[in-house]
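K.L.:
Before I ask anything, here is the structure I am working with.
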Amino acid sequence: MNKFCQSCGMPLEGHQGTEVNGTLSNDYCEMCYRDGQFIEPKITFNEMKTRGITGLKQSNKNILVKQLMIWGYPFQLKNLDRWK
């Protein structure tokens, strides 16, 4: 199993999406993938990046940690399977 969703980068533990047969996905989270399909199949890289950064800004992490995560997010995202 991947450690992070291969679409949005969210940690997978406890947040796995589902395959067609109902089993948990080893690659994608519940926010990106359900019943063996992407929830938003036409989302672009830039739309995903904006969504992820918005989520990070709204998180309750330490401000320094949050800024580092926001800075690094585009680099993480472009290395995920969905965006390669």
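Residue numbering restarts at 1 in every chain; chains get A, B, ... in the order shown in the structure tokens, and ligands count up from 1 in that same order.
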Enumerate as an NGL selection string all residues of chain A assigned to strand (DSSP E or B) by DSSP on the backbone, naming them with the chain letters and numbers the document uses.

P.N.:
:A and (4 or 11 or 16-18 or 24-29 or 33-34 or 37-38)

K.L.:
Which residue is closest to Cys32 (chain A)? Choose from A:Glu13, A:Asn62, A:Arg82, A:Asn2 and count only C-alpha atoms.

P.N.:
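Between A:Glu13, A:Asn62, A:Arg82, A:Asn2, the residue approaching Cys32 (chain A) most closely is A:Arg82.
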
K.L.:
For CA of Gln6 (chain A) and CA of Phe38 (chain A), quote the distance in Å rounded to one decimal.

P.N.:
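The value is 11.3 Å.
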
K.L.:
Considering only C-alpha atoms, can you say which of A:Glu19, A:Thr44, A:Val65, A:Gly55 comes closest to Lys78 (chain A)?

P.N.:
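Ranked by minimum distance to Lys78 (chain A), first place goes to A:Thr44.
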